[in-house]
Amino acid sequence: MVKKFWNVLQNIQFGLKHSNEVNIHKELDRLRKERIIQNEKNLAAHGFKVYSQNEEDGIIQEIFHRIGVTNKTFVEFGIGTGLENNTLALLFKDWKGLWIDASKQSVATVKKNFEKIIENKQLKVVESFITRDNINELISSNISDKTIDLISVDIDGNDYHILDAIICVKPRVIVIEYNAKFAPPIMYCMGYNETHTWDGSDHFGVSLKYLEVNLAKKGYKLVGCNLVGCNAFFVQEQLINDKFQEEFTAEYHFEPARYYLGIFSSGHPASYRTLINKL
């Protein structure tokens, strides 16, 4: 009787999870269609997930489809255990780059499971708590190129302050988390705190409008956000031409926080063995 009850309970839980994912995908499809009707150049309509947390993989792919690549080099910090971030899928396309994370356990896991990829120098992995004072040394000691194709920033706090401090490389594309609670035209940026760790509250990061205004001073245009409302995408101004949706403002591209839409899979769960066999 107990076993039968447990099986029924598991079936109910599976049914609820499946139903929830179906609803999430329906809503994402609706939003994509809505965006493409508004403007065929809208990036959010191209989003999909391979190894990214949400739809970032598809948006990144579309950006480089439009502007092309140079050296296929990336830098990403805030990479977790390596199986869910914005640059893992790029390794399947012969990119190379640098991952940085403050978690000793996460970095140890990555180094163990990505050993072959690290040995062939396609990927470098560094354990470090990132600050404004050390970020340039962390990058420059591992990346020799002055221009790189992509930088991805997600450290739940000092994101803009760290990005602002970087002078050793010039990325063509920037992906950076924004705090969607602070909708345009709110200018918000968390005060720099070298020892900050996210406490789960709204005290983190930077508003989209703040990013738009301040990255424009560095020569970047806001070209879109993902539908879940957590990552913004910026491209060097000279690469824009007529390839992206105008206008390049936070008011135009802002996507509100739809974190409930981020709970979806891209198929079977990710496995380190896939990476070892493929790369």
# chains A, B, ... in the order shown; residues from 1 in each chain; ligands from 1
>>> residues_around(residues="Gln122 (chain A)", least_positions_apart="3", cutoff="12 Å", atoms="only C-alpha atoms", output="mmCIF file with C-alpha atoms, in the first residue's frame")
data_model
loop_
_atom_site.group_PDB
_atom_site.id
_atom_site.type_symbol
_atom_site.label_atom_id
_atom_site.label_comp_id
_atom_site.auth_asym_id
_atom_site.auth_seq_id
_atom_site.Cartn_x
_atom_site.Cartn_y
_atom_site.Cartn_z
ATOM 1 C CA LYS A 72 36.398 33.581 -30.608
ATOM 2 C CA THR A 73 37.680 34.488 -27.149
ATOM 3 C CA PHE A 74 35.496 34.962 -24.073
ATOM 4 C CA LEU A 88 29.822 26.808 -22.134
ATOM 5 C CA LEU A 90 30.569 28.359 -27.196
ATOM 6 C CA LEU A 91 33.180 25.703 -26.436
ATOM 7 C CA PHE A 92 31.288 23.427 -28.837
ATOM 8 C CA LYS A 93 31.923 26.036 -31.548
ATOM 9 C CA ASP A 94 35.694 26.108 -31.030
ATOM 10 C CA TRP A 95 35.772 29.187 -28.844
ATOM 11 C CA LYS A 96 38.331 29.520 -26.062
ATOM 12 C CA GLY A 97 38.387 31.571 -22.924
ATOM 13 C CA LEU A 98 38.638 32.213 -19.222
ATOM 14 C CA TRP A 99 36.282 31.368 -16.368
ATOM 15 C CA PHE A 114 36.805 19.868 -17.603
ATOM 16 C CA GLU A 115 40.327 18.467 -17.213
ATOM 17 C CA LYS A 116 40.757 17.543 -20.874
ATOM 18 C CA ILE A 117 39.467 20.905 -22.094
ATOM 19 C CA ILE A 118 41.775 22.728 -19.694
ATOM 20 C CA GLU A 119 44.753 20.604 -20.715
ATOM 21 C CA VAL A 125 39.739 28.376 -14.908
ATOM 22 C CA ASN A 142 45.370 34.465 -18.707
ATOM 23 C CA ILE A 143 44.208 36.286 -21.853
ATOM 24 C CA LEU A 279 35.333 18.645 -26.741
#
>>> select_by_dssp(residues="region 69-172 of chain A", states="strand (DSSP E)", output="PDB file with N, CA, C and O atoms, in the first residue's frame")
ATOM      1  N   THR A  73      37.173  34.514 -28.525  1.00  0.00           N
ATOM      2  CA  THR A  73      37.680  34.488 -27.149  1.00  0.00           C
ATOM      3  C   THR A  73      36.663  35.112 -26.205  1.00  0.00           C
ATOM      4  O   THR A  73      36.096  36.161 -26.503  1.00  0.00           O
ATOM      5  N   PHE A  74      36.447  34.455 -25.063  1.00  0.00           N
ATOM      6  CA  PHE A  74      35.496  34.962 -24.073  1.00  0.00           C
ATOM      7  C   PHE A  74      36.135  35.027 -22.697  1.00  0.00           C
ATOM      8  O   PHE A  74      37.123  34.349 -22.408  1.00  0.00           O
ATOM      9  N   VAL A  75      35.524  35.850 -21.845  1.00  0.00           N
ATOM     10  CA  VAL A  75      35.807  35.874 -20.412  1.00  0.00           C
ATOM     11  C   VAL A  75      34.457  35.857 -19.716  1.00  0.00           C
ATOM     12  O   VAL A  75      33.552  36.614 -20.070  1.00  0.00           O
ATOM     13  N   GLU A  76      34.313  34.978 -18.741  1.00  0.00           N
ATOM     14  CA  GLU A  76      33.075  34.955 -17.953  1.00  0.00           C
ATOM     15  C   GLU A  76      33.418  34.797 -16.494  1.00  0.00           C
ATOM     16  O   GLU A  76      34.233  33.959 -16.121  1.00  0.00           O
ATOM     17  N   PHE A  77      32.794  35.616 -15.646  1.00  0.00           N
ATOM     18  CA  PHE A  77      32.952  35.392 -14.217  1.00  0.00           C
ATOM     19  C   PHE A  77      31.592  35.264 -13.551  1.00  0.00           C
ATOM     20  O   PHE A  77      30.640  35.934 -13.879  1.00  0.00           O
ATOM     21  N   LYS A  96      37.436  29.758 -27.195  1.00  0.00           N
ATOM     22  CA  LYS A  96      38.331  29.520 -26.062  1.00  0.00           C
ATOM     23  C   LYS A  96      38.148  30.679 -25.092  1.00  0.00           C
ATOM     24  O   LYS A  96      37.646  31.740 -25.475  1.00  0.00           O
ATOM     25  N   GLY A  97      38.555  30.461 -23.839  1.00  0.00           N
ATOM     26  CA  GLY A  97      38.387  31.571 -22.924  1.00  0.00           C
ATOM     27  C   GLY A  97      38.762  31.291 -21.489  1.00  0.00           C
ATOM     28  O   GLY A  97      39.418  30.295 -21.168  1.00  0.00           O
ATOM     29  N   LEU A  98      38.285  32.193 -20.639  1.00  0.00           N
ATOM     30  CA  LEU A  98      38.638  32.213 -19.222  1.00  0.00           C
ATOM     31  C   LEU A  98      37.378  32.241 -18.374  1.00  0.00           C
ATOM     32  O   LEU A  98      36.469  33.028 -18.625  1.00  0.00           O
ATOM     33  N   TRP A  99      37.332  31.349 -17.376  1.00  0.00           N
ATOM     34  CA  TRP A  99      36.282  31.368 -16.368  1.00  0.00           C
ATOM     35  C   TRP A  99      36.894  31.743 -15.027  1.00  0.00           C
ATOM     36  O   TRP A  99      37.962  31.248 -14.657  1.00  0.00           O
ATOM     37  N   ILE A 100      36.167  32.601 -14.290  1.00  0.00           N
ATOM     38  CA  ILE A 100      36.603  32.983 -12.940  1.00  0.00           C
ATOM     39  C   ILE A 100      35.424  32.816 -11.991  1.00  0.00           C
ATOM     40  O   ILE A 100      34.306  33.232 -12.304  1.00  0.00           O
ATOM     41  N   ASP A 101      35.677  32.217 -10.831  1.00  0.00           N
ATOM     42  CA  ASP A 101      34.626  32.072  -9.828  1.00  0.00           C
ATOM     43  C   ASP A 101      35.253  32.090  -8.435  1.00  0.00           C
ATOM     44  O   ASP A 101      36.384  31.631  -8.254  1.00  0.00           O
ATOM     45  N   LEU A 123      40.319  26.182 -22.437  1.00  0.00           N
ATOM     46  CA  LEU A 123      39.680  26.836 -21.300  1.00  0.00           C
ATOM     47  C   LEU A 123      40.660  27.005 -20.151  1.00  0.00           C
ATOM     48  O   LEU A 123      41.403  26.083 -19.821  1.00  0.00           O
ATOM     49  N   LYS A 124      40.656  28.190 -19.556  1.00  0.00           N
ATOM     50  CA  LYS A 124      41.398  28.445 -18.323  1.00  0.00           C
ATOM     51  C   LYS A 124      40.393  28.749 -17.223  1.00  0.00           C
ATOM     52  O   LYS A 124      39.399  29.438 -17.451  1.00  0.00           O
ATOM     53  N   VAL A 125      40.657  28.227 -16.033  1.00  0.00           N
ATOM     54  CA  VAL A 125      39.739  28.376 -14.908  1.00  0.00           C
ATOM     55  C   VAL A 125      40.508  28.895 -13.706  1.00  0.00           C
ATOM     56  O   VAL A 125      41.539  28.330 -13.328  1.00  0.00           O
ATOM     57  N   VAL A 126      40.002  29.966 -13.111  1.00  0.00           N
ATOM     58  CA  VAL A 126      40.693  30.616 -11.997  1.00  0.00           C
ATOM     59  C   VAL A 126      39.742  30.762 -10.817  1.00  0.00           C
ATOM     60  O   VAL A 126      38.592  31.194 -10.983  1.00  0.00           O
ATOM     61  N   GLU A 127      40.220  30.400  -9.633  1.00  0.00           N
ATOM     62  CA  GLU A 127      39.456  30.627  -8.407  1.00  0.00           C
ATOM     63  C   GLU A 127      39.910  31.942  -7.786  1.00  0.00           C
ATOM     64  O   GLU A 127      41.078  32.110  -7.443  1.00  0.00           O
ATOM     65  N   THR A 147      41.654  42.685 -27.711  1.00  0.00           N
ATOM     66  CA  THR A 147      40.249  42.671 -28.117  1.00  0.00           C
ATOM     67  C   THR A 147      39.737  41.248 -28.021  1.00  0.00           C
ATOM     68  O   THR A 147      40.388  40.316 -28.482  1.00  0.00           O
ATOM     69  N   ILE A 148      38.596  41.067 -27.387  1.00  0.00           N
ATOM     70  CA  ILE A 148      37.979  39.752 -27.303  1.00  0.00           C
ATOM     71  C   ILE A 148      36.538  39.871 -27.795  1.00  0.00           C
ATOM     72  O   ILE A 148      35.970  40.962 -27.851  1.00  0.00           O
ATOM     73  N   ASP A 149      35.940  38.758 -28.136  1.00  0.00           N
ATOM     74  CA  ASP A 149      34.587  38.804 -28.678  1.00  0.00           C
ATOM     75  C   ASP A 149      33.521  39.000 -27.604  1.00  0.00           C
ATOM     76  O   ASP A 149      32.532  39.695 -27.840  1.00  0.00           O
ATOM     77  N   LEU A 150      33.704  38.414 -26.426  1.00  0.00           N
ATOM     78  CA  LEU A 150      32.613  38.424 -25.445  1.00  0.00           C
ATOM     79  C   LEU A 150      33.119  38.465 -24.019  1.00  0.00           C
ATOM     80  O   LEU A 150      34.098  37.798 -23.670  1.00  0.00           O
ATOM     81  N   ILE A 151      32.411  39.230 -23.198  1.00  0.00           N
ATOM     82  CA  ILE A 151      32.601  39.160 -21.753  1.00  0.00           C
ATOM     83  C   ILE A 151      31.230  39.021 -21.116  1.00  0.00           C
ATOM     84  O   ILE A 151      30.273  39.672 -21.529  1.00  0.00           O
ATOM     85  N   SER A 152      31.123  38.122 -20.132  1.00  0.00           N
ATOM     86  CA  SER A 152      29.852  37.881 -19.445  1.00  0.00           C
ATOM     87  C   SER A 152      30.053  38.082 -17.948  1.00  0.00           C
ATOM     88  O   SER A 152      30.967  37.499 -17.353  1.00  0.00           O
ATOM     89  N   VAL A 153      29.184  38.901 -17.352  1.00  0.00           N
ATOM     90  CA  VAL A 153      29.336  39.308 -15.950  1.00  0.00           C
ATOM     91  C   VAL A 153      28.086  38.948 -15.155  1.00  0.00           C
ATOM     92  O   VAL A 153      26.986  39.415 -15.470  1.00  0.00           O
ATOM     93  N   LYS A 170      39.173  44.746 -24.444  1.00  0.00           N
ATOM     94  CA  LYS A 170      38.029  45.475 -24.994  1.00  0.00           C
ATOM     95  C   LYS A 170      37.095  44.458 -25.646  1.00  0.00           C
ATOM     96  O   LYS A 170      37.329  43.997 -26.766  1.00  0.00           O
ATOM     97  N   PRO A 171      36.018  44.078 -24.955  1.00  0.00           N
ATOM     98  CA  PRO A 171      35.090  43.102 -25.543  1.00  0.00           C
ATOM     99  C   PRO A 171      34.212  43.743 -26.616  1.00  0.00           C
ATOM    100  O   PRO A 171      33.803  44.896 -26.481  1.00  0.00           O
ATOM    101  N   ARG A 172      33.930  42.992 -27.665  1.00  0.00           N
ATOM    102  CA  ARG A 172      33.019  43.472 -28.706  1.00  0.00           C
ATOM    103  C   ARG A 172      31.571  43.377 -28.233  1.00  0.00           C
ATOM    104  O   ARG A 172      30.720  44.178 -28.626  1.00  0.00           O
TER     105      ARG A 172
END
>>> closest_residue(among="A:Ser140, A:Ser271, A:Thr131, A:Thr249", to="Thr195 (chain A)", atoms="only C-alpha atoms")
A:Thr131
>>> atom_distance(atom1="CA of Ile67 (chain A)", atom2="CA of Gly205 (chain A)")
27.9 Å
>>> residues_around(residues="Lys112 (chain A)", least_positions_apart="6", cutoff="12 Å", atoms="only C-alpha atoms", output="short mmCIF file (atom, residue, chain, number, x, y, z; two decimals) with C-alpha atoms, in the first residue's frame")
data_model
loop_
_atom_site.label_atom_id
_atom_site.label_comp_id
_atom_site.auth_asym_id
_atom_site.auth_seq_id
_atom_site.Cartn_x
_atom_site.Cartn_y
_atom_site.Cartn_z
CA THR A 81 29.83 24.44 -11.53
CA GLY A 82 30.32 25.07 -15.24
CA GLN A 105 34.22 23.97 -4.44
CA SER A 106 32.79 25.06 -7.80
CA ILE A 118 41.77 22.73 -19.69
CA GLU A 119 44.75 20.60 -20.71
CA VAL A 125 39.74 28.38 -14.91
CA TYR A 272 30.02 16.44 -17.71
CA ARG A 273 30.54 13.27 -19.77
CA ILE A 276 34.49 15.18 -22.16
#
>>> residues_around(residues="Ser201 (chain A)", least_positions_apart="3", cutoff="12 Å", atoms="only C-alpha atoms", output="ChimeraX atom specification")
/A:156-157,179,181,197-198,204-205
>>> residues_around(residues="region 214-221 of chain A", least_positions_apart="5", cutoff="8 Å", atoms="only C-alpha atoms", output="JSON, numbers by chain")
{"A": [234, 235, 236, 237, 240, 248]}
>>> decode(residues="region 17-43 of chain A", atoms="N, CA and C atoms", output="short mmCIF file (atom, residue, chain, number, x, y, z; two decimals), in the first residue's frame")
data_model
loop_
_atom_site.label_atom_id
_atom_site.label_comp_id
_atom_site.auth_asym_id
_atom_site.auth_seq_id
_atom_site.Cartn_x
_atom_site.Cartn_y
_atom_site.Cartn_z
N LYS A 17 5.01 19.01 -12.61
CA LYS A 17 6.25 19.57 -13.18
C LYS A 17 6.13 19.69 -14.69
N HIS A 18 5.60 18.64 -15.33
CA HIS A 18 5.44 18.66 -16.78
C HIS A 18 4.48 19.76 -17.20
N SER A 19 3.37 19.87 -16.48
CA SER A 19 2.37 20.90 -16.80
C SER A 19 2.96 22.30 -16.65
N ASN A 20 3.78 22.48 -15.61
CA ASN A 20 4.40 23.78 -15.38
C ASN A 20 5.36 24.13 -16.52
N GLU A 21 6.16 23.16 -16.96
CA GLU A 21 7.11 23.41 -18.06
C GLU A 21 6.37 23.72 -19.35
N VAL A 22 5.26 23.01 -19.60
CA VAL A 22 4.46 23.28 -20.80
C VAL A 22 3.97 24.71 -20.80
N ASN A 23 3.48 25.17 -19.65
CA ASN A 23 2.98 26.54 -19.54
C ASN A 23 4.10 27.56 -19.72
N ILE A 24 5.28 27.24 -19.18
CA ILE A 24 6.42 28.14 -19.33
C ILE A 24 6.81 28.27 -20.80
N HIS A 25 6.91 27.15 -21.49
CA HIS A 25 7.29 27.19 -22.91
C HIS A 25 6.23 27.89 -23.76
N LYS A 26 4.97 27.71 -23.42
CA LYS A 26 3.90 28.41 -24.14
C LYS A 26 4.02 29.91 -23.96
N GLU A 27 4.31 30.34 -22.75
CA GLU A 27 4.44 31.77 -22.48
C GLU A 27 5.68 32.34 -23.17
N LEU A 28 6.79 31.60 -23.15
CA LEU A 28 7.99 32.06 -23.84
C LEU A 28 7.75 32.16 -25.35
N ASP A 29 7.07 31.17 -25.91
CA ASP A 29 6.74 31.22 -27.34
C ASP A 29 5.85 32.41 -27.67
N ARG A 30 4.89 32.69 -26.80
CA ARG A 30 4.00 33.83 -27.02
C ARG A 30 4.78 35.14 -27.01
N LEU A 31 5.68 35.27 -26.05
CA LEU A 31 6.48 36.48 -25.94
C LEU A 31 7.42 36.64 -27.14
N ARG A 32 8.02 35.55 -27.60
CA ARG A 32 8.90 35.61 -28.77
C ARG A 32 8.14 36.08 -30.00
N LYS A 33 6.97 35.50 -30.22
CA LYS A 33 6.16 35.89 -31.37
C LYS A 33 5.75 37.36 -31.29
N GLU A 34 5.43 37.79 -30.08
CA GLU A 34 5.05 39.19 -29.86
C GLU A 34 6.20 40.12 -30.20
N ARG A 35 7.41 39.73 -29.79
CA ARG A 35 8.58 40.58 -30.04
C ARG A 35 8.92 40.63 -31.54
N ILE A 36 8.83 39.50 -32.22
CA ILE A 36 9.20 39.47 -33.63
C ILE A 36 8.19 40.24 -34.47
N ILE A 37 6.93 40.26 -34.05
CA ILE A 37 5.91 41.05 -34.74
C ILE A 37 6.20 42.53 -34.56
N GLN A 38 6.65 42.90 -33.37
CA GLN A 38 6.97 44.30 -33.10
C GLN A 38 8.14 44.77 -33.96
N ASN A 39 9.15 43.91 -34.09
CA ASN A 39 10.33 44.27 -34.88
C ASN A 39 11.11 43.00 -35.20
N GLU A 40 11.34 42.76 -36.49
CA GLU A 40 12.01 41.52 -36.91
C GLU A 40 13.45 41.43 -36.44
N LYS A 41 14.02 42.55 -35.99
CA LYS A 41 15.40 42.54 -35.51
C LYS A 41 15.50 42.30 -34.00
N ASN A 42 14.36 42.12 -33.35
CA ASN A 42 14.37 41.94 -31.91
C ASN A 42 15.15 40.69 -31.52
N LEU A 43 16.10 40.84 -30.62
CA LEU A 43 16.96 39.73 -30.22
C LEU A 43 16.26 38.71 -29.34
#
